[in-house]
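Okay, upload39.cif is below, mmCIF, N, CA, C and O atoms:
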data_entry
loop_
_atom_site.group_PDB
_atom_site.id
_atom_site.type_symbol
_atom_site.label_atom_id
_atom_site.label_comp_id
_atom_site.auth_asym_id
_atom_site.auth_seq_id
_atom_site.Cartn_x
_atom_site.Cartn_y
_atom_site.Cartn_z
ATOM 1 N N ASN N 2 5.803 -14.254 0.999
ATOM 2 C CA ASN N 2 5.041 -13.492 0.022
ATOM 3 C C ASN N 2 5.252 -12.008 0.285
ATOM 4 O O ASN N 2 4.971 -11.506 1.373
ATOM 5 N N GLU N 3 5.755 -11.308 -0.726
ATOM 6 C CA GLU N 3 6.088 -9.887 -0.587
ATOM 7 C C GLU N 3 4.860 -9.020 -0.308
ATOM 8 O O GLU N 3 4.925 -8.082 0.482
ATOM 9 N N ALA N 4 3.747 -9.329 -0.948
ATOM 10 C CA ALA N 4 2.535 -8.534 -0.735
ATOM 11 C C ALA N 4 2.040 -8.651 0.699
ATOM 12 O O ALA N 4 1.542 -7.682 1.272
ATOM 13 N N LEU N 5 2.213 -9.817 1.285
ATOM 14 C CA LEU N 5 1.778 -10.000 2.666
ATOM 15 C C LEU N 5 2.699 -9.284 3.644
ATOM 16 O O LEU N 5 2.262 -8.850 4.709
ATOM 17 N N ARG N 6 3.959 -9.114 3.273
ATOM 18 C CA ARG N 6 4.870 -8.289 4.091
ATOM 19 C C ARG N 6 4.387 -6.841 4.094
ATOM 20 O O ARG N 6 4.396 -6.181 5.139
ATOM 21 N N ILE N 7 3.977 -6.359 2.927
ATOM 22 C CA ILE N 7 3.436 -4.996 2.828
ATOM 23 C C ILE N 7 2.157 -4.898 3.655
ATOM 24 O O ILE N 7 1.959 -3.936 4.403
ATOM 25 N N LYS N 8 1.296 -5.885 3.513
ATOM 26 C CA LYS N 8 0.038 -5.898 4.258
ATOM 27 C C LYS N 8 0.290 -5.834 5.761
ATOM 28 O O LYS N 8 -0.367 -5.070 6.482
ATOM 29 N N ASP N 9 1.248 -6.606 6.240
ATOM 30 C CA ASP N 9 1.573 -6.605 7.665
ATOM 31 C C ASP N 9 2.061 -5.233 8.119
ATOM 32 O O ASP N 9 1.699 -4.769 9.203
ATOM 33 N N ALA N 10 2.878 -4.586 7.314
ATOM 34 C CA ALA N 10 3.389 -3.251 7.660
ATOM 35 C C ALA N 10 2.256 -2.230 7.697
ATOM 36 O O ALA N 10 2.218 -1.371 8.583
ATOM 37 N N LEU N 11 1.338 -2.333 6.752
ATOM 38 C CA LEU N 11 0.189 -1.422 6.723
ATOM 39 C C LEU N 11 -0.694 -1.633 7.944
ATOM 40 O O LEU N 11 -1.121 -0.677 8.596
ATOM 41 N N ARG N 12 -0.964 -2.881 8.269
ATOM 42 C CA ARG N 12 -1.783 -3.195 9.447
ATOM 43 C C ARG N 12 -1.125 -2.682 10.730
ATOM 44 O O ARG N 12 -1.789 -2.153 11.606
ATOM 45 N N ALA N 13 0.192 -2.863 10.834
ATOM 46 C CA ALA N 13 0.916 -2.403 12.017
ATOM 47 C C ALA N 13 0.800 -0.892 12.182
ATOM 48 O O ALA N 13 0.840 -0.381 13.295
ATOM 49 N N LYS N 14 0.624 -0.202 11.070
ATOM 50 C CA LYS N 14 0.476 1.259 11.099
ATOM 51 C C LYS N 14 -0.981 1.666 11.311
ATOM 52 O O LYS N 14 -1.281 2.846 11.433
ATOM 53 N N GLY N 15 -1.889 0.702 11.367
ATOM 54 C CA GLY N 15 -3.301 0.993 11.605
ATOM 55 C C GLY N 15 -4.081 1.363 10.357
ATOM 56 O O GLY N 15 -5.200 1.861 10.449
ATOM 57 N N ILE N 16 -3.501 1.087 9.200
ATOM 58 C CA ILE N 16 -4.172 1.404 7.935
ATOM 59 C C ILE N 16 -5.185 0.311 7.629
ATOM 60 O O ILE N 16 -4.885 -0.886 7.720
ATOM 61 N N LYS N 17 -6.383 0.723 7.273
ATOM 62 C CA LYS N 17 -7.467 -0.211 6.953
ATOM 63 C C LYS N 17 -7.396 -0.595 5.478
ATOM 64 O O LYS N 17 -6.710 0.041 4.686
ATOM 65 N N PHE N 18 -8.157 -1.624 5.128
ATOM 66 C CA PHE N 18 -8.161 -2.148 3.761
ATOM 67 C C PHE N 18 -9.573 -2.145 3.198
ATOM 68 O O PHE N 18 -10.546 -2.359 3.926
ATOM 69 N N LEU N 19 -9.651 -1.963 1.881
ATOM 70 C CA LEU N 19 -10.931 -2.039 1.182
ATOM 71 C C LEU N 19 -11.469 -3.466 1.263
ATOM 72 O O LEU N 19 -12.648 -3.681 1.540
ATOM 73 N N ILE N 20 -10.600 -4.438 1.015
ATOM 74 C CA ILE N 20 -10.931 -5.854 1.156
ATOM 75 C C ILE N 20 -9.747 -6.560 1.803
ATOM 76 O O ILE N 20 -8.616 -6.068 1.752
ATOM 77 N N ASP N 21 -9.990 -7.700 2.398
ATOM 78 C CA ASP N 21 -8.929 -8.501 2.989
ATOM 79 C C ASP N 21 -8.455 -9.492 1.931
ATOM 80 O O ASP N 21 -9.066 -10.541 1.739
ATOM 81 N N SER N 22 -7.383 -9.146 1.252
ATOM 82 C CA SER N 22 -6.894 -9.955 0.146
ATOM 83 C C SER N 22 -5.706 -10.822 0.565
ATOM 84 O O SER N 22 -4.723 -10.298 1.092
ATOM 85 N N PRO N 23 -5.771 -12.129 0.308
ATOM 86 C CA PRO N 23 -4.645 -13.011 0.597
ATOM 87 C C PRO N 23 -3.695 -13.143 -0.604
ATOM 88 O O PRO N 23 -2.829 -14.007 -0.619
ATOM 89 N N THR N 24 -3.867 -12.295 -1.611
ATOM 90 C CA THR N 24 -3.135 -12.430 -2.873
ATOM 91 C C THR N 24 -2.000 -11.415 -2.978
ATOM 92 O O THR N 24 -1.716 -10.664 -2.051
ATOM 93 N N ASN N 25 -1.398 -11.360 -4.158
ATOM 94 C CA ASN N 25 -0.331 -10.395 -4.437
ATOM 95 C C ASN N 25 -0.880 -8.988 -4.669
ATOM 96 O O ASN N 25 -0.118 -8.064 -4.918
ATOM 97 N N GLN N 26 -2.177 -8.820 -4.578
ATOM 98 C CA GLN N 26 -2.800 -7.511 -4.708
ATOM 99 C C GLN N 26 -3.383 -7.100 -3.352
ATOM 100 O O GLN N 26 -4.150 -7.847 -2.760
ATOM 101 N N GLN N 27 -2.987 -5.915 -2.897
ATOM 102 C CA GLN N 27 -3.478 -5.381 -1.639
ATOM 103 C C GLN N 27 -4.168 -4.050 -1.913
ATOM 104 O O GLN N 27 -3.775 -3.319 -2.823
ATOM 105 N N PHE N 28 -5.191 -3.745 -1.109
ATOM 106 C CA PHE N 28 -6.030 -2.572 -1.356
ATOM 107 C C PHE N 28 -6.162 -1.712 -0.088
ATOM 108 O O PHE N 28 -7.226 -1.635 0.522
ATOM 109 N N PRO N 29 -5.053 -1.059 0.304
ATOM 110 C CA PRO N 29 -5.123 -0.216 1.493
ATOM 111 C C PRO N 29 -5.892 1.072 1.229
ATOM 112 O O PRO N 29 -5.983 1.543 0.099
ATOM 113 N N ILE N 30 -6.440 1.608 2.314
ATOM 114 C CA ILE N 30 -7.131 2.898 2.255
ATOM 115 C C ILE N 30 -6.238 3.904 2.971
ATOM 116 O O ILE N 30 -6.088 3.855 4.196
ATOM 117 N N PHE N 31 -5.633 4.793 2.189
ATOM 118 C CA PHE N 31 -4.758 5.819 2.738
ATOM 119 C C PHE N 31 -5.520 7.119 2.915
ATOM 120 O O PHE N 31 -6.437 7.423 2.138
ATOM 121 N N SER N 32 -5.107 7.894 3.908
ATOM 122 C CA SER N 32 -5.564 9.280 3.926
ATOM 123 C C SER N 32 -4.900 9.945 2.720
ATOM 124 O O SER N 32 -3.856 9.483 2.239
ATOM 125 N N ASN N 33 -5.492 10.989 2.224
ATOM 126 C CA ASN N 33 -4.904 11.658 1.061
ATOM 127 C C ASN N 33 -3.512 12.197 1.387
ATOM 128 O O ASN N 33 -2.631 12.199 0.527
ATOM 129 N N ALA N 34 -3.297 12.616 2.626
ATOM 130 C CA ALA N 34 -1.974 13.095 3.035
ATOM 131 C C ALA N 34 -0.945 11.959 2.971
ATOM 132 O O ALA N 34 0.174 12.148 2.481
ATOM 133 N N GLN N 35 -1.325 10.773 3.456
ATOM 134 C CA GLN N 35 -0.426 9.618 3.385
ATOM 135 C C GLN N 35 -0.132 9.251 1.939
ATOM 136 O O GLN N 35 1.020 8.989 1.566
ATOM 137 N N LEU N 36 -1.173 9.247 1.119
ATOM 138 C CA LEU N 36 -1.003 8.896 -0.288
ATOM 139 C C LEU N 36 -0.101 9.900 -0.991
ATOM 140 O O LEU N 36 0.782 9.518 -1.768
ATOM 141 N N ASN N 37 -0.288 11.174 -0.704
ATOM 142 C CA ASN N 37 0.569 12.198 -1.309
ATOM 143 C C ASN N 37 2.022 11.988 -0.915
ATOM 144 O O ASN N 37 2.928 12.131 -1.747
ATOM 145 N N GLN N 38 2.256 11.645 0.336
ATOM 146 C CA GLN N 38 3.621 11.415 0.811
ATOM 147 C C GLN N 38 4.251 10.218 0.097
ATOM 148 O O GLN N 38 5.353 10.302 -0.419
ATOM 149 N N LEU N 39 3.549 9.092 0.068
ATOM 150 C CA LEU N 39 4.099 7.895 -0.561
ATOM 151 C C LEU N 39 4.225 8.038 -2.078
ATOM 152 O O LEU N 39 5.127 7.455 -2.689
ATOM 153 N N SER N 40 3.352 8.820 -2.677
ATOM 154 C CA SER N 40 3.359 8.981 -4.139
ATOM 155 C C SER N 40 4.579 9.755 -4.633
ATOM 156 O O SER N 40 4.843 9.777 -5.839
ATOM 157 N N LYS N 41 5.329 10.342 -3.735
ATOM 158 C CA LYS N 41 6.570 11.013 -4.127
ATOM 159 C C LYS N 41 7.608 9.998 -4.602
ATOM 160 O O LYS N 41 8.480 10.333 -5.394
ATOM 161 N N LYS N 42 7.509 8.749 -4.110
ATOM 162 C CA LYS N 42 8.481 7.711 -4.466
ATOM 163 C C LYS N 42 7.876 6.498 -5.169
ATOM 164 O O LYS N 42 8.593 5.741 -5.816
ATOM 165 N N TYR N 43 6.555 6.304 -5.020
ATOM 166 C CA TYR N 43 5.929 5.070 -5.502
ATOM 167 C C TYR N 43 4.713 5.382 -6.364
ATOM 168 O O TYR N 43 4.066 6.407 -6.183
ATOM 169 N N LEU N 44 4.415 4.455 -7.262
ATOM 170 C CA LEU N 44 3.222 4.572 -8.105
ATOM 171 C C LEU N 44 2.156 3.629 -7.572
ATOM 172 O O LEU N 44 2.445 2.480 -7.239
ATOM 173 N N PHE N 45 0.944 4.132 -7.500
ATOM 174 C CA PHE N 45 -0.188 3.342 -7.042
ATOM 175 C C PHE N 45 -1.301 3.410 -8.073
ATOM 176 O O PHE N 45 -1.466 4.430 -8.738
ATOM 177 N N SER N 46 -2.079 2.356 -8.186
ATOM 178 C CA SER N 46 -3.301 2.387 -8.982
ATOM 179 C C SER N 46 -4.413 2.869 -8.068
ATOM 180 O O SER N 46 -4.704 2.233 -7.044
ATOM 181 N N ILE N 47 -5.000 4.012 -8.411
ATOM 182 C CA ILE N 47 -6.127 4.513 -7.627
ATOM 183 C C ILE N 47 -7.291 3.567 -7.872
ATOM 184 O O ILE N 47 -7.683 3.327 -9.010
ATOM 185 N N TRP N 48 -7.831 3.018 -6.806
ATOM 186 C CA TRP N 48 -8.877 2.022 -6.943
ATOM 187 C C TRP N 48 -10.255 2.606 -6.681
ATOM 188 O O TRP N 48 -11.182 2.367 -7.433
ATOM 189 N N GLN N 49 -10.379 3.379 -5.594
ATOM 190 C CA GLN N 49 -11.695 3.916 -5.251
ATOM 191 C C GLN N 49 -11.518 5.106 -4.317
ATOM 192 O O GLN N 49 -10.780 5.028 -3.337
ATOM 193 N N GLN N 50 -12.200 6.199 -4.631
ATOM 194 C CA GLN N 50 -12.246 7.346 -3.726
ATOM 195 C C GLN N 50 -13.248 7.020 -2.632
ATOM 196 O O GLN N 50 -14.418 6.782 -2.912
ATOM 197 N N MET N 51 -12.794 6.972 -1.394
ATOM 198 C CA MET N 51 -13.657 6.558 -0.289
ATOM 199 C C MET N 51 -14.505 7.730 0.226
ATOM 200 O O MET N 51 -15.672 7.567 0.528
ATOM 201 N N ASP N 52 -13.870 8.881 0.349
ATOM 202 C CA ASP N 52 -14.529 10.124 0.747
ATOM 203 C C ASP N 52 -13.578 11.253 0.384
ATOM 204 O O ASP N 52 -12.595 11.027 -0.326
ATOM 205 N N ASP N 53 -13.833 12.440 0.884
ATOM 206 C CA ASP N 53 -12.986 13.580 0.522
ATOM 207 C C ASP N 53 -11.559 13.467 1.053
ATOM 208 O O ASP N 53 -10.668 14.141 0.559
ATOM 209 N N GLN N 54 -11.364 12.628 2.050
ATOM 210 C CA GLN N 54 -10.063 12.559 2.724
ATOM 211 C C GLN N 54 -9.330 11.225 2.586
ATOM 212 O O GLN N 54 -8.204 11.096 3.053
ATOM 213 N N HIS N 55 -9.969 10.208 1.965
ATOM 214 C CA HIS N 55 -9.381 8.869 1.917
ATOM 215 C C HIS N 55 -9.541 8.240 0.534
ATOM 216 O O HIS N 55 -10.589 8.392 -0.098
ATOM 217 N N THR N 56 -8.496 7.505 0.134
ATOM 218 C CA THR N 56 -8.473 6.867 -1.174
ATOM 219 C C THR N 56 -7.966 5.438 -1.042
ATOM 220 O O THR N 56 -6.938 5.198 -0.396
ATOM 221 N N ALA N 57 -8.684 4.502 -1.636
ATOM 222 C CA ALA N 57 -8.220 3.116 -1.709
ATOM 223 C C ALA N 57 -7.354 2.969 -2.952
ATOM 224 O O ALA N 57 -7.701 3.471 -4.030
ATOM 225 N N VAL N 58 -6.212 2.321 -2.788
ATOM 226 C CA VAL N 58 -5.309 2.079 -3.909
ATOM 227 C C VAL N 58 -5.048 0.590 -4.039
ATOM 228 O O VAL N 58 -5.343 -0.193 -3.135
ATOM 229 N N ARG N 59 -4.494 0.223 -5.181
ATOM 230 C CA ARG N 59 -4.074 -1.169 -5.382
ATOM 231 C C ARG N 59 -2.562 -1.204 -5.396
ATOM 232 O O ARG N 59 -1.913 -0.441 -6.120
ATOM 233 N N ILE N 60 -2.010 -2.070 -4.581
ATOM 234 C CA ILE N 60 -0.581 -2.360 -4.599
ATOM 235 C C ILE N 60 -0.451 -3.794 -5.091
ATOM 236 O O ILE N 60 -1.061 -4.704 -4.543
ATOM 237 N N CYS N 61 0.334 -3.986 -6.135
ATOM 238 C CA CYS N 61 0.456 -5.310 -6.746
ATOM 239 C C CYS N 61 1.934 -5.690 -6.864
ATOM 240 O O CYS N 61 2.735 -4.910 -7.373
ATOM 241 N N THR N 62 2.267 -6.866 -6.369
ATOM 242 C CA THR N 62 3.625 -7.381 -6.514
ATOM 243 C C THR N 62 3.621 -8.517 -7.533
ATOM 244 O O THR N 62 2.571 -9.078 -7.843
ATOM 245 N N SER N 63 4.803 -8.834 -8.034
ATOM 246 C CA SER N 63 4.934 -9.950 -8.977
ATOM 247 C C SER N 63 6.217 -10.704 -8.680
ATOM 248 O O SER N 63 6.997 -10.317 -7.797
ATOM 249 N N TRP N 64 6.461 -11.743 -9.428
ATOM 250 C CA TRP N 64 7.686 -12.527 -9.259
ATOM 251 C C TRP N 64 8.912 -11.652 -9.473
ATOM 252 O O TRP N 64 9.990 -11.942 -8.966
ATOM 253 N N GLY N 65 8.756 -10.563 -10.225
ATOM 254 C CA GLY N 65 9.877 -9.675 -10.526
ATOM 255 C C GLY N 65 10.075 -8.550 -9.531
ATOM 256 O O GLY N 65 11.015 -7.775 -9.646
ATOM 257 N N THR N 66 9.206 -8.454 -8.542
ATOM 258 C CA THR N 66 9.334 -7.394 -7.542
ATOM 259 C C THR N 66 10.555 -7.679 -6.671
ATOM 260 O O THR N 66 10.695 -8.774 -6.124
ATOM 261 N N LYS N 67 11.428 -6.692 -6.551
ATOM 262 C CA LYS N 67 12.665 -6.871 -5.793
ATOM 263 C C LYS N 67 12.426 -6.651 -4.299
ATOM 264 O O LYS N 67 11.736 -5.723 -3.897
ATOM 265 N N SER N 68 13.031 -7.504 -3.500
ATOM 266 C CA SER N 68 12.905 -7.404 -2.043
ATOM 267 C C SER N 68 13.376 -6.049 -1.528
ATOM 268 O O SER N 68 12.814 -5.513 -0.568
ATOM 269 N N ASP N 69 14.407 -5.485 -2.144
ATOM 270 C CA ASP N 69 14.906 -4.168 -1.727
ATOM 271 C C ASP N 69 13.825 -3.105 -1.880
ATOM 272 O O ASP N 69 13.718 -2.203 -1.042
ATOM 273 N N ASN N 70 13.036 -3.202 -2.944
ATOM 274 C CA ASN N 70 11.957 -2.238 -3.156
ATOM 275 C C ASN N 70 10.865 -2.401 -2.097
ATOM 276 O O ASN N 70 10.311 -1.419 -1.613
ATOM 277 N N ILE N 71 10.568 -3.632 -1.746
ATOM 278 C CA ILE N 71 9.575 -3.902 -0.702
ATOM 279 C C ILE N 71 10.084 -3.366 0.632
ATOM 280 O O ILE N 71 9.346 -2.713 1.383
ATOM 281 N N ASP N 72 11.346 -3.618 0.930
ATOM 282 C CA ASP N 72 11.938 -3.125 2.174
ATOM 283 C C ASP N 72 11.846 -1.609 2.254
ATOM 284 O O ASP N 72 11.516 -1.055 3.310
ATOM 285 N N SER N 73 12.126 -0.941 1.157
ATOM 286 C CA SER N 73 12.057 0.521 1.110
ATOM 287 C C SER N 73 10.636 1.021 1.356
ATOM 288 O O SER N 73 10.424 1.957 2.141
ATOM 289 N N LEU N 74 9.665 0.384 0.699
ATOM 290 C CA LEU N 74 8.263 0.773 0.892
ATOM 291 C C LEU N 74 7.842 0.562 2.344
ATOM 292 O O LEU N 74 7.210 1.418 2.950
ATOM 293 N N ILE N 75 8.220 -0.565 2.919
ATOM 294 C CA ILE N 75 7.860 -0.843 4.309
ATOM 295 C C ILE N 75 8.458 0.202 5.250
ATOM 296 O O ILE N 75 7.791 0.680 6.160
ATOM 297 N N GLU N 76 9.695 0.583 5.016
ATOM 298 C CA GLU N 76 10.319 1.626 5.854
ATOM 299 C C GLU N 76 9.560 2.954 5.707
ATOM 300 O O GLU N 76 9.359 3.661 6.702
ATOM 301 N N ASP N 77 9.138 3.275 4.505
ATOM 302 C CA ASP N 77 8.403 4.525 4.295
ATOM 303 C C ASP N 77 7.005 4.455 4.900
ATOM 304 O O ASP N 77 6.499 5.469 5.393
ATOM 305 N N ILE N 78 6.388 3.294 4.893
ATOM 306 C CA ILE N 78 5.096 3.123 5.566
ATOM 307 C C ILE N 78 5.257 3.364 7.069
ATOM 308 O O ILE N 78 4.438 4.036 7.685
ATOM 309 N N LYS N 79 6.334 2.852 7.642
ATOM 310 C CA LYS N 79 6.589 3.051 9.073
ATOM 311 C C LYS N 79 6.732 4.529 9.415
ATOM 312 O O LYS N 79 6.445 4.936 10.537
ATOM 313 N N MET N 80 7.185 5.340 8.454
ATOM 314 C CA MET N 80 7.422 6.770 8.690
ATOM 315 C C MET N 80 6.160 7.628 8.531
ATOM 316 O O MET N 80 6.201 8.815 8.818
ATOM 317 N N LEU N 81 5.082 7.035 8.079
ATOM 318 C CA LEU N 81 3.854 7.808 7.879
ATOM 319 C C LEU N 81 3.336 8.362 9.197
ATOM 320 O O LEU N 81 3.466 7.782 10.236
#
Rendering of file as structure tokens:
Amino acid sequence: NEALRIKDALRAKGIKFLIDSPTNQQFPIFSNAQLNQLSKKYLFSIWQQMDDQHTAVRICTSWGTKSDNIDSLIEDIKML
């Protein structure tokens, strides 16, 4: 499951989640600096403003999500 690969990469980086989702939708809480960095290459659905410095987003994969795109996102998460 591609979404769970993303979830594992986020967890390895110490990023917390709004909810623990076992589905194709993940809800990480990024610092605004992290979100700004990732938003240069990726689109996120803003889900909830947590405080002045943190934002929960929704990352959603589908049957059409390409593994290469997931690999790229995971590499960029590692660089945060």
For region 38-56 of chain N, I'd like the enclosing box, axis-aligned and padded by 6 Å on every side, reported as lines of an AutoDock Vina configuration file with centre and edge lengths in Å to one decimal.
center_x = -3.5
center_y = 8.1
center_z = -3.0
size_x = 36.3
size_y = 24.1
size_z = 24.1
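Residue nearest Phe45 (chain N), chosen from N:Ile20, N:Phe28, N:Met80, N:Thr66 and counting only C-alpha atoms: N:Phe28.
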Per-residue DSSP, chain N, filtered to strand (DSSP E or B), as a ChimeraX atom specification: /N:18,26-27,29-32,46-50,55-61
Closest of N:Lys8, N:Lys14, N:Arg59, N:Lys79 to Ser46 (chain N) - atom-to-atom distances counting all atoms listed in the file: N:Arg59
For region 25-27 of chain N: contacts at 6 Å, all atoms listed in the file, fewer than 5 positions along chain excluded, given as a list in words: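 Neighbouring residues, sequence-local ones excluded: Ala4, Val58, Arg59, Ile60, Cys61, Thr62 and Ser63 of chain N.
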Atomic separation - atom C of Leu11 (chain N) relative to atom O of Asn70 (chain N), Å: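 These atoms are spaced 14.6 Å apart.
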For Ile30 (chain N): contacts at 5 Å, all atoms listed in the file, fewer than 3 positions along chain excluded, given as a PyMOL selection string: chain N and resi 16-19+56-57
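Distance check against Tyr43 (chain N) using only C-alpha atoms: of N:Ser22, N:Trp64, N:Ser73, N:Leu5, the minimum falls on N:Ser73.
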Distance criterion (all atoms listed in the file): nearest to Asp53 (chain N) out of N:Gln38, N:Ser32, N:Asn2, N:Thr24: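 Going through N:Gln38, N:Ser32, N:Asn2, N:Thr24 one by one, the smallest distance to Asp53 (chain N) is for N:Ser32.
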